[in-house]
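Containing PDB, C-alpha atoms: upload_20.pdb.
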ATOM      1  CA  MET K  14      15.300  29.056 -19.587  1.00  0.00           C
ATOM      2  CA  PRO K  15      14.371  25.425 -18.929  1.00  0.00           C
ATOM      3  CA  SER K  16      15.313  22.930 -21.577  1.00  0.00           C
ATOM      4  CA  LYS K  17      12.707  21.156 -23.666  1.00  0.00           C
ATOM      5  CA  ARG K  18      13.744  17.834 -22.105  1.00  0.00           C
ATOM      6  CA  ASN K  19      13.213  19.154 -18.567  1.00  0.00           C
ATOM      7  CA  ILE K  20       9.816  20.556 -19.517  1.00  0.00           C
ATOM      8  CA  GLU K  21       8.775  17.175 -20.942  1.00  0.00           C
ATOM      9  CA  ASN K  22      10.125  15.348 -17.872  1.00  0.00           C
ATOM     10  CA  LEU K  23       8.260  17.746 -15.574  1.00  0.00           C
ATOM     11  CA  GLU K  24       4.998  17.242 -17.482  1.00  0.00           C
ATOM     12  CA  ALA K  25       5.398  13.452 -17.359  1.00  0.00           C
ATOM     13  CA  LEU K  26       6.263  13.479 -13.637  1.00  0.00           C
ATOM     14  CA  THR K  27       3.378  15.820 -12.815  1.00  0.00           C
ATOM     15  CA  ALA K  28       0.946  13.603 -14.748  1.00  0.00           C
ATOM     16  CA  THR K  29       2.248  10.492 -12.988  1.00  0.00           C
ATOM     17  CA  LEU K  30       1.964  12.055  -9.522  1.00  0.00           C
ATOM     18  CA  LYS K  31      -1.506  13.359 -10.338  1.00  0.00           C
ATOM     19  CA  GLY K  32      -2.536   9.859 -11.507  1.00  0.00           C
ATOM     20  CA  ALA K  33      -1.236   8.439  -8.219  1.00  0.00           C
ATOM     21  CA  ALA K  34      -3.505  10.856  -6.328  1.00  0.00           C
ATOM     22  CA  GLY K  35      -0.425  12.701  -5.123  1.00  0.00           C
ATOM     23  CA  SER K  36       0.779   9.732  -3.069  1.00  0.00           C
ATOM     24  CA  PHE K  37       4.364   8.532  -3.427  1.00  0.00           C
ATOM     25  CA  PHE K  38       7.562   7.652  -1.571  1.00  0.00           C
ATOM     26  CA  LEU K  39      11.020   9.114  -2.042  1.00  0.00           C
ATOM     27  CA  VAL K  40      13.951   6.715  -1.885  1.00  0.00           C
ATOM     28  CA  ASN K  41      17.709   6.986  -2.181  1.00  0.00           C
ATOM     29  CA  TYR K  42      18.826   4.413  -4.739  1.00  0.00           C
ATOM     30  CA  GLN K  43      22.485   5.507  -5.050  1.00  0.00           C
ATOM     31  CA  GLY K  44      24.892   2.594  -4.841  1.00  0.00           C
ATOM     32  CA  LEU K  45      22.782   0.005  -6.654  1.00  0.00           C
ATOM     33  CA  GLY K  46      24.219  -1.438  -9.832  1.00  0.00           C
ATOM     34  CA  ALA K  47      22.179  -1.996 -12.972  1.00  0.00           C
ATOM     35  CA  GLY K  48      21.261  -5.603 -12.102  1.00  0.00           C
ATOM     36  CA  PRO K  49      20.003  -4.903  -8.570  1.00  0.00           C
ATOM     37  CA  THR K  50      18.192  -1.786  -9.789  1.00  0.00           C
ATOM     38  CA  GLY K  51      16.322  -3.926 -12.333  1.00  0.00           C
ATOM     39  CA  LYS K  52      15.418  -6.411  -9.583  1.00  0.00           C
ATOM     40  CA  LEU K  53      14.208  -3.571  -7.373  1.00  0.00           C
ATOM     41  CA  ARG K  54      12.039  -2.177 -10.180  1.00  0.00           C
ATOM     42  CA  LYS K  55      10.580  -5.650 -10.768  1.00  0.00           C
ATOM     43  CA  ALA K  56       9.856  -6.179  -7.056  1.00  0.00           C
ATOM     44  CA  VAL K  57       8.084  -2.824  -6.831  1.00  0.00           C
ATOM     45  CA  ARG K  58       6.176  -3.421 -10.104  1.00  0.00           C
ATOM     46  CA  GLU K  59       4.916  -6.787  -8.775  1.00  0.00           C
ATOM     47  CA  LYS K  60       3.373  -4.931  -5.829  1.00  0.00           C
ATOM     48  CA  GLY K  61       1.644  -2.393  -8.078  1.00  0.00           C
ATOM     49  CA  GLY K  62       4.243   0.371  -7.933  1.00  0.00           C
ATOM     50  CA  GLU K  63       6.610   2.156 -10.279  1.00  0.00           C
ATOM     51  CA  ILE K  64      10.015   3.755  -9.705  1.00  0.00           C
ATOM     52  CA  ILE K  65      10.765   7.030 -11.480  1.00  0.00           C
ATOM     53  CA  VAL K  66      14.212   8.610 -11.294  1.00  0.00           C
ATOM     54  CA  ALA K  67      14.022  12.395 -11.549  1.00  0.00           C
ATOM     55  CA  LYS K  68      15.943  15.480 -10.554  1.00  0.00           C
ATOM     56  CA  ASN K  69      15.039  16.930  -7.177  1.00  0.00           C
ATOM     57  CA  THR K  70      14.191  20.295  -8.738  1.00  0.00           C
ATOM     58  CA  LEU K  71      11.690  18.604 -11.053  1.00  0.00           C
ATOM     59  CA  ILE K  72      10.188  16.646  -8.144  1.00  0.00           C
ATOM     60  CA  ARG K  73       9.877  19.851  -6.101  1.00  0.00           C
ATOM     61  CA  LYS K  74       8.291  21.703  -9.039  1.00  0.00           C
ATOM     62  CA  ALA K  75       5.819  18.871  -9.754  1.00  0.00           C
ATOM     63  CA  MET K  76       4.828  18.756  -6.080  1.00  0.00           C
ATOM     64  CA  SER K  77       4.384  22.525  -6.042  1.00  0.00           C
ATOM     65  CA  ASP K  78       2.276  22.446  -9.221  1.00  0.00           C
ATOM     66  CA  LEU K  79      -0.008  19.803  -7.642  1.00  0.00           C
ATOM     67  CA  GLY K  80      -0.269  21.662  -4.334  1.00  0.00           C
ATOM     68  CA  LEU K  81       1.402  18.871  -2.372  1.00  0.00           C
ATOM     69  CA  PRO K  82       3.134  19.625   0.924  1.00  0.00           C
ATOM     70  CA  GLU K  83       6.884  20.125   1.027  1.00  0.00           C
ATOM     71  CA  ILE K  84       8.762  17.147   2.408  1.00  0.00           C
ATOM     72  CA  GLU K  85      12.078  16.660   4.151  1.00  0.00           C
ATOM     73  CA  GLY K  86      14.746  14.556   2.510  1.00  0.00           C
ATOM     74  CA  LEU K  87      14.531  15.927  -1.001  1.00  0.00           C
ATOM     75  CA  SER K  88      18.298  16.102  -1.405  1.00  0.00           C
ATOM     76  CA  GLY K  89      20.866  13.833  -2.975  1.00  0.00           C
ATOM     77  CA  PRO K  90      19.913  11.151  -5.480  1.00  0.00           C
ATOM     78  CA  SER K  91      16.160  10.583  -5.331  1.00  0.00           C
ATOM     79  CA  ALA K  92      13.679   8.303  -6.987  1.00  0.00           C
ATOM     80  CA  VAL K  93       9.918   8.683  -6.772  1.00  0.00           C
ATOM     81  CA  VAL K  94       7.954   5.503  -6.101  1.00  0.00           C
ATOM     82  CA  VAL K  95       4.256   5.704  -6.999  1.00  0.00           C
ATOM     83  CA  PHE K  96       1.885   2.935  -5.954  1.00  0.00           C
ATOM     84  CA  SER K  97      -1.653   1.639  -5.703  1.00  0.00           C
ATOM     85  CA  ASP K  98      -1.117  -0.162  -2.358  1.00  0.00           C
ATOM     86  CA  PRO K  99       1.195   1.861  -0.101  1.00  0.00           C
ATOM     87  CA  ALA K 100       1.812  -0.864   2.495  1.00  0.00           C
ATOM     88  CA  ALA K 101       2.707  -3.515  -0.097  1.00  0.00           C
ATOM     89  CA  VAL K 102       5.150  -1.243  -1.943  1.00  0.00           C
ATOM     90  CA  ALA K 103       6.717   0.047   1.292  1.00  0.00           C
ATOM     91  CA  LYS K 104       7.158  -3.570   2.395  1.00  0.00           C
ATOM     92  CA  ALA K 105       8.790  -4.475  -0.945  1.00  0.00           C
ATOM     93  CA  LEU K 106      11.221  -1.539  -0.613  1.00  0.00           C
ATOM     94  CA  LYS K 107      12.077  -2.431   2.978  1.00  0.00           C
ATOM     95  CA  GLU K 108      12.561  -6.136   2.172  1.00  0.00           C
ATOM     96  CA  PHE K 109      14.778  -5.307  -0.809  1.00  0.00           C
ATOM     97  CA  ALA K 110      16.914  -3.045   1.402  1.00  0.00           C
ATOM     98  CA  LYS K 111      17.474  -6.027   3.726  1.00  0.00           C
ATOM     99  CA  THR K 112      18.907  -8.081   0.844  1.00  0.00           C
ATOM    100  CA  ASN K 113      22.009  -5.908   0.496  1.00  0.00           C
ATOM    101  CA  ASP K 114      24.566  -4.801   3.058  1.00  0.00           C
ATOM    102  CA  LYS K 115      24.173  -1.102   2.171  1.00  0.00           C
ATOM    103  CA  GLY K 116      20.454  -1.001   3.044  1.00  0.00           C
ATOM    104  CA  ILE K 117      19.530   0.393  -0.355  1.00  0.00           C
ATOM    105  CA  PRO K 118      16.986   1.715  -1.212  1.00  0.00           C
ATOM    106  CA  ALA K 119      16.828   4.013   1.811  1.00  0.00           C
ATOM    107  CA  LEU K 120      13.354   5.343   2.523  1.00  0.00           C
ATOM    108  CA  LYS K 121      13.681   9.131   2.675  1.00  0.00           C
ATOM    109  CA  ALA K 122      10.130  10.481   2.884  1.00  0.00           C
ATOM    110  CA  GLY K 123       6.749  10.333   1.213  1.00  0.00           C
ATOM    111  CA  VAL K 124       3.330  11.798   0.700  1.00  0.00           C
ATOM    112  CA  LEU K 125       0.196   9.778   1.376  1.00  0.00           C
ATOM    113  CA  SER K 126      -3.244  11.252   0.647  1.00  0.00           C
ATOM    114  CA  GLY K 127      -1.818  14.764   0.774  1.00  0.00           C
ATOM    115  CA  GLN K 128      -0.002  14.241   4.101  1.00  0.00           C
ATOM    116  CA  ALA K 129       3.789  14.451   4.312  1.00  0.00           C
ATOM    117  CA  LEU K 130       5.520  11.384   5.770  1.00  0.00           C
ATOM    118  CA  THR K 131       9.006  11.010   7.183  1.00  0.00           C
ATOM    119  CA  GLY K 132      11.216   8.058   6.296  1.00  0.00           C
ATOM    120  CA  GLN K 133      10.412   6.498   9.692  1.00  0.00           C
ATOM    121  CA  GLN K 134       6.682   6.763   9.037  1.00  0.00           C
ATOM    122  CA  VAL K 135       7.118   5.042   5.681  1.00  0.00           C
ATOM    123  CA  GLU K 136       9.021   2.231   7.456  1.00  0.00           C
ATOM    124  CA  VAL K 137       6.152   1.861   9.946  1.00  0.00           C
ATOM    125  CA  LEU K 138       3.779   1.683   6.989  1.00  0.00           C
ATOM    126  CA  ALA K 139       5.896  -1.179   5.630  1.00  0.00           C
ATOM    127  CA  ASP K 140       5.132  -3.187   8.764  1.00  0.00           C
ATOM    128  CA  LEU K 141       1.373  -2.972   8.194  1.00  0.00           C
ATOM    129  CA  PRO K 142      -0.475  -5.701   6.284  1.00  0.00           C
ATOM    130  CA  SER K 143      -1.175  -4.966   2.628  1.00  0.00           C
ATOM    131  CA  GLN K 144      -4.621  -3.955   1.417  1.00  0.00           C
ATOM    132  CA  LYS K 145      -5.297  -7.463   0.060  1.00  0.00           C
ATOM    133  CA  GLU K 146      -4.277  -9.050   3.383  1.00  0.00           C
ATOM    134  CA  LEU K 147      -6.617  -6.713   5.271  1.00  0.00           C
ATOM    135  CA  GLN K 148      -9.460  -7.470   2.853  1.00  0.00           C
ATOM    136  CA  ALA K 149      -8.908 -11.215   3.299  1.00  0.00           C
ATOM    137  CA  GLU K 150      -8.919 -10.785   7.081  1.00  0.00           C
ATOM    138  CA  LEU K 151     -12.176  -8.820   6.896  1.00  0.00           C
ATOM    139  CA  VAL K 152     -13.800 -11.507   4.741  1.00  0.00           C
ATOM    140  CA  GLY K 153     -12.686 -14.133   7.251  1.00  0.00           C
ATOM    141  CA  VAL K 154     -14.172 -12.200  10.169  1.00  0.00           C
ATOM    142  CA  LEU K 155     -17.446 -11.619   8.322  1.00  0.00           C
ATOM    143  CA  SER K 156     -17.787 -15.232   7.188  1.00  0.00           C
ATOM    144  CA  ALA K 157     -17.069 -16.504  10.722  1.00  0.00           C
ATOM    145  CA  THR K 158     -19.756 -14.203  12.095  1.00  0.00           C
ATOM    146  CA  MET K 159     -22.250 -15.411   9.478  1.00  0.00           C
ATOM    147  CA  SER K 160     -21.386 -19.055  10.196  1.00  0.00           C
ATOM    148  CA  ASN K 161     -21.986 -18.507  13.899  1.00  0.00           C
ATOM    149  CA  PHE K 162     -25.299 -16.805  13.151  1.00  0.00           C
ATOM    150  CA  VAL K 163     -26.435 -19.693  10.949  1.00  0.00           C
ATOM    151  CA  GLY K 164     -25.374 -22.122  13.677  1.00  0.00           C
ATOM    152  CA  VAL K 165     -27.451 -20.262  16.287  1.00  0.00           C
ATOM    153  CA  LEU K 166     -30.485 -20.225  13.984  1.00  0.00           C
ATOM    154  CA  GLY K 167     -30.052 -23.935  13.286  1.00  0.00           C
ATOM    155  CA  ALA K 168     -29.814 -24.713  17.001  1.00  0.00           C
ATOM    156  CA  LYS K 169     -32.982 -22.743  17.733  1.00  0.00           C
ATOM    157  CA  ALA K 170     -34.818 -24.532  14.922  1.00  0.00           C
ATOM    158  CA  GLN K 171     -33.630 -27.908  16.285  1.00  0.00           C
ATOM    159  CA  GLU K 172     -34.773 -26.888  19.770  1.00  0.00           C
ATOM    160  CA  PHE K 173     -38.200 -25.910  18.399  1.00  0.00           C
ATOM    161  CA  VAL K 174     -38.511 -29.271  16.588  1.00  0.00           C
ATOM    162  CA  GLY K 175     -37.605 -31.019  19.868  1.00  0.00           C
ATOM    163  CA  ILE K 176     -40.352 -29.137  21.727  1.00  0.00           C
ATOM    164  CA  LEU K 177     -42.922 -30.030  19.037  1.00  0.00           C
ATOM    165  CA  ASP K 178     -41.825 -33.677  19.119  1.00  0.00           C
ATOM    166  CA  ALA K 179     -42.182 -33.767  22.906  1.00  0.00           C
ATOM    167  CA  GLN K 180     -45.672 -32.256  22.619  1.00  0.00           C
ATOM    168  CA  VAL K 181     -46.667 -34.870  20.009  1.00  0.00           C
ATOM    169  CA  GLN K 182     -45.323 -37.672  22.261  1.00  0.00           C
ATOM    170  CA  LYS K 183     -47.293 -36.236  25.186  1.00  0.00           C
ATOM    171  CA  LEU K 184     -50.543 -36.054  23.180  1.00  0.00           C
ATOM    172  CA  GLU K 185     -50.106 -39.616  21.852  1.00  0.00           C
ATOM    173  CA  ALA K 186     -49.538 -40.946  25.363  1.00  0.00           C
ATOM    174  CA  ALA K 187     -52.738 -39.344  26.643  1.00  0.00           C
TER
END
So that I can check it, write out the structure of this file as structure tokens.
Amino acid sequence: MPSKRNIENLEALTATLKGAAGSFFLVNYQGLGAGPTGKLRKAVREKGGEIIVAKNTLIRKAMSDLGLPEIEGLSGPSAVVVFSDPAAVAKALKEFAKTNDKGIPALKAGVLSGQALTGQQVEVLADLPSQKELQAELVGVLSATMSNFVGVLGAKAQEFVGILDAQVQKLEAA
């Protein structure tokens, strides 16, 4: 018979995963002290994510209840990282792992939009630009295109004015 605490933890984890549209990463956090763990949580929170430490059986059960695919790497100490911007949070996790000699947190696996990811795929995701960076790049491309279009229209208008001026000069001379 499951304990009341486990039932409450399962309900909270299931609600969190459902709120994250079933997208999350699994990381191994074992070996981090309290201070570095707090810094890791802060770094992830700044990127729009949240770290939740839970038992693997509860994670498995929550995933099953939500109809999410089974993932590899759900063994040993695990923490679930939910996010709003997957690339930004993956990058924060990867950068934090570089700051310590143990490489913690280790990216174990993940689920993104209902698709299971391996730890390597999550690392590749960390190398992508964040959603805000991509949006800024798109705005830059669109504004450059509009500027060029306005420049072309202005040049054509100037050319038309030049033709009219030449015609006026020709009529005045005659």
Could you give me, as a PDB file with C-alpha atoms, in the frame of the given file, the residues within 10 Å of Ala110 (chain K), counting only C-alpha atoms and dropping anything in the same chain fewer than 6 positions from it?
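In the end it all went to part-v1.pdb:
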ATOM      1  CA  TYR K  42      18.826   4.413  -4.739  1.00  0.00           C
ATOM      2  CA  LEU K  53      14.208  -3.571  -7.373  1.00  0.00           C
ATOM      3  CA  LYS K 104       7.158  -3.570   2.395  1.00  0.00           C
ATOM      4  CA  GLY K 116      20.454  -1.001   3.044  1.00  0.00           C
ATOM      5  CA  ILE K 117      19.530   0.393  -0.355  1.00  0.00           C
ATOM      6  CA  PRO K 118      16.986   1.715  -1.212  1.00  0.00           C
ATOM      7  CA  ALA K 119      16.828   4.013   1.811  1.00  0.00           C
ATOM      8  CA  LEU K 120      13.354   5.343   2.523  1.00  0.00           C
TER       9      LEU K 120
END
Neighbours of Gly132 (chain K) within 8 Å (all atoms listed in the file; same-chain residues fewer than 2 positions away dropped), as a VMD selection string?
chain K and resid 120 to 123 130 134 to 136
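Among K:Val57, K:Ala92, K:Ile65, K:Leu141, the residue with the shortest atom-to-atom distance to Asn41 (chain K), counting all atoms listed in the file, is K:Ala92.
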From CA of Ser36 (chain K) to CA of Thr112 (chain K) the spacing works out at 25.7 Å
Of the residues K:Ala56, K:Ala34, K:Ala47, K:Val66, which is the one nearest to Glu108 (chain K), using only C-alpha atoms?
K:Ala56
How would region 95-106 of chain K read, as a CSV table (one decimal), in the coordinates of the input, once all heavy atoms are built in?
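rebuild38.csv, freshly written:
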chain,number,residue,atom,x,y,z
K,95,VAL,N,5.7,5.6,-7.0
K,95,VAL,CA,4.3,5.7,-7.0
K,95,VAL,C,3.7,4.3,-6.8
K,95,VAL,O,4.3,3.3,-7.2
K,95,VAL,CB,3.7,6.4,-8.3
K,95,VAL,CG1,4.2,7.9,-8.3
K,95,VAL,CG2,4.1,5.7,-9.5
K,96,PHE,N,2.4,4.2,-6.3
K,96,PHE,CA,1.9,2.9,-6.0
K,96,PHE,C,0.4,3.0,-5.9
K,96,PHE,O,-0.2,4.0,-5.9
K,96,PHE,CB,2.4,2.5,-4.6
K,96,PHE,CG,2.3,3.7,-3.6
K,96,PHE,CD1,1.1,4.0,-3.0
K,96,PHE,CD2,3.4,4.4,-3.3
K,96,PHE,CE1,1.0,5.0,-2.1
K,96,PHE,CE2,3.3,5.5,-2.3
K,96,PHE,CZ,2.1,5.8,-1.7
K,97,SER,N,-0.2,1.8,-5.9
K,97,SER,CA,-1.7,1.6,-5.7
K,97,SER,C,-1.9,1.1,-4.3
K,97,SER,O,-2.9,1.5,-3.7
K,97,SER,CB,-2.3,0.7,-6.7
K,97,SER,OG,-1.6,-0.6,-6.7
K,98,ASP,N,-1.0,0.4,-3.7
K,98,ASP,CA,-1.1,-0.2,-2.4
K,98,ASP,C,0.1,0.3,-1.6
K,98,ASP,O,1.2,-0.3,-1.7
K,98,ASP,CB,-1.2,-1.7,-2.4
K,98,ASP,CG,-1.5,-2.3,-1.0
K,98,ASP,OD1,-1.4,-1.6,0.0
K,98,ASP,OD2,-1.7,-3.5,-0.9
K,99,PRO,N,0.0,1.3,-0.8
K,99,PRO,CA,1.2,1.9,-0.1
K,99,PRO,C,1.9,0.9,0.8
K,99,PRO,O,3.1,0.8,0.8
K,99,PRO,CB,0.7,3.1,0.7
K,99,PRO,CG,-0.8,2.9,0.8
K,99,PRO,CD,-1.2,2.0,-0.4
K,100,ALA,N,1.2,0.1,1.6
K,100,ALA,CA,1.8,-0.9,2.5
K,100,ALA,C,2.6,-1.9,1.7
K,100,ALA,O,3.7,-2.3,2.1
K,100,ALA,CB,0.8,-1.5,3.4
K,101,ALA,N,2.0,-2.5,0.7
K,101,ALA,CA,2.7,-3.5,-0.1
K,101,ALA,C,4.0,-3.0,-0.7
K,101,ALA,O,5.0,-3.7,-0.7
K,101,ALA,CB,1.8,-4.1,-1.2
K,102,VAL,N,4.0,-1.8,-1.3
K,102,VAL,CA,5.2,-1.2,-1.9
K,102,VAL,C,6.2,-0.9,-0.9
K,102,VAL,O,7.4,-1.1,-1.1
K,102,VAL,CB,4.8,0.0,-2.8
K,102,VAL,CG1,6.0,0.7,-3.3
K,102,VAL,CG2,3.9,-0.5,-4.0
K,103,ALA,N,5.8,-0.3,0.2
K,103,ALA,CA,6.7,0.0,1.3
K,103,ALA,C,7.4,-1.2,1.8
K,103,ALA,O,8.6,-1.2,2.1
K,103,ALA,CB,6.0,0.8,2.4
K,104,LYS,N,6.6,-2.3,1.9
K,104,LYS,CA,7.2,-3.6,2.4
K,104,LYS,C,8.2,-4.1,1.4
K,104,LYS,O,9.2,-4.6,1.8
K,104,LYS,CB,6.0,-4.6,2.6
K,104,LYS,CG,6.4,-5.8,3.3
K,104,LYS,CD,5.2,-6.7,3.6
K,104,LYS,CE,4.3,-5.9,4.5
K,104,LYS,NZ,3.2,-6.7,5.1
K,105,ALA,N,7.9,-4.0,0.1
K,105,ALA,CA,8.8,-4.5,-0.9
K,105,ALA,C,10.1,-3.7,-0.9
K,105,ALA,O,11.2,-4.3,-1.0
K,105,ALA,CB,8.1,-4.4,-2.3
K,106,LEU,N,10.0,-2.4,-0.7
K,106,LEU,CA,11.2,-1.5,-0.6
K,106,LEU,C,12.1,-1.9,0.6
K,106,LEU,O,13.3,-2.1,0.5
K,106,LEU,CB,10.8,-0.1,-0.5
K,106,LEU,CG,10.2,0.5,-1.8
K,106,LEU,CD1,9.6,1.9,-1.5
K,106,LEU,CD2,11.3,0.6,-2.9
